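Heads up, the thing below is written out as structure tokens.
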Amino acid sequence: MGVVHDPVWPRDDRAAQAGPRLTGSVQADVCVVGLGGSGLAAVDEALRMGRSVVGIDAGPVAGGAAGRNGGFLLAGTADFHHDAVARLGRERAAAIYRLTLRELDGLELALPDIVRRVGSLRAADSEDEMADCERMLAALRADGFDAESYEGPEGVGVLLPADGAFDPLARCLHMAQAARSEGADLFEHTPVSVGSIDVTTPAGRIDCDALVIAVDGGLERVVPDVASRVRTARLQMLATEPVPPRFARPVYARWGYDYWQQLPSGAVALGGCRDLFADDEWSLDPTPTEPVQRALDRLLAERVGLPEARVTHRWAGCVGYTDDRMPICELVRPGVAVAGGYCGTGNVLGPLCARTALRLALGLPLDELTPLASTGASASAGP
Ligand SMILES: Cc1cc2nc3c(=O)[nH]c(=O)nc-3n(C[C@H](O)[C@H](O)[C@H](O)COP(=O)(O)OP(=O)(O)OC[C@H]3O[C@@H](n4cnc5c(N)ncnc54)[C@H](O)[C@@H]3O)c2cc1C
């Protein structure tokens, strides 16, 4: 059997049917551009506030990274917690960590069939990395978060019991269906250009009071205002045929560059190696490449220990990276707010930032979401 060049996550046939394209003009209180996990969270929040909502995407729902990722549900930011404390200060880093833990609780409650709260393991592949794991463990414990030393079949490192895994595509398809049934107009396969507070499409226009742009990969193209601070990278993955149970929880190793998890079906989904080809992987093209896929094959055989497992899927997706490893979450013009640039970890952080962006666009107080708002422009992109 051949290899499928698509994510391992199955698209439900009914939900996968394309939504309408937007032709003509529509008006709504809130417009959300980008129907991944983040944009759909903003749609949901706007509906809860009683606003009329239009959501729009250049492709299908979750056609971007939101439906093409590794399915890890990790608390915190892209930084390990001790690094986040050093960068953001203890109070802000801990506040964000708490928000992400609460987001995880909410996800588990809302989608019990999809979310597996099995924890995650940061595995150390060297003495240096083990020492860094100790620093991470100490910082997490100092702030009262659950974390344990781990030594077992999956390696040595830090176990984060509150983390988990899910089917990222199923989350988005579920959210889109729920939003439509709550009255949101969601348009697919309609690329937009963003104006001052209006949005134009090849054959139409959206007028709104508040605009949220929730785009991770390719954000610099949609919102040139932030182009100097975010840069798009391609991340690649593969998945195997089902193998006997081996990995109880998602594992990330080599400073987080490599990651794998075993799905309920027994398939192993594995990604990483981007840093080994960093120059080539700054790309807006979500097509897997031969050199990275060969490196993933070696990772599967040598580090993960599955040299015989047949590969069934190979795919890639694009995400935004920032210099300071913090998302962009800010107002770019009155009524227009942006969320993106999650540096490879947007499944939990993305929805939080998109809800924060919604409040910014509507001019509402951020309250407890304040720590997520960008603190201002930094230097040029290119971590
Ligand atoms: C291979 C891979 C593995 C990853 N693994 C993990 C992981 O395990 N855990 C984790 O937390 N994160 C992971 N990530 C990162 C995570 O997938 C993303 O941060 C997150 O999904 C971003 O979701 P989003 O909704 O913000 O943006 P996106 O998924 O980028 O969605 C934005 C949407 O905007 C649309 N769009 C763009 N431009 C326009 C336009 N001009 N007009 C209209 N629509 C437009 C796109 O079509 C897209 O659907 C991974 C990413 C990849 C690629």
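Naming scheme: A, B, ... for chains in displayed order of the structure tokens; residues 1 onward per chain; ligands 1 onward as shown.
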Next item on the list: Using only C-alpha atoms and all ligand atoms, determine which residues fall within 6 Å of ligand 1, then list them as a ChimeraX atom specification.
Entry: /A:33-39,56-59,61-66,68-73,191-193,214-217,222,235-237,316-319,340,342,344-348,350
Check: Quick one: residues within 10 Å of segment 256-260 of chain A, only C-alpha atoms counted, chain neighbours fewer than 4 positions away excluded, as a PyMOL selection string?
Finding: chain A and resi 70-72+78-80+121-124+237-239+247+249-252+268-276+296+299-300+303-304+344
Next item on the list: Just the helix (DSSP H, G or I) stuff from segment 206-349 of chain A, please, per backbone DSSP, written as a PyMOL selection string.
Entry: chain A and resi 219-222+224-226+274-281+290-303+346-349
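Between atom CA of Asp280 of chain A and atom CA of Leu219 of chain A lies a distance of 18.7 Å.
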Give me the segment 248-367 of chain A side of the contact with segment 84-91 of chain A, cut-off 10 Å, one line per residue showing its nearest atom pair and distance in Å at one decimal, counting only C-alpha atoms, sorted by chain and residue number, as CSV.
residue,atom,partner,partner_atom,distance
A:Asp324,CA,A:Arg87,CA,8.3
A:Arg325,CA,A:Ala84,CA,9.1
A:Met326,CA,A:Ala84,CA,9.2
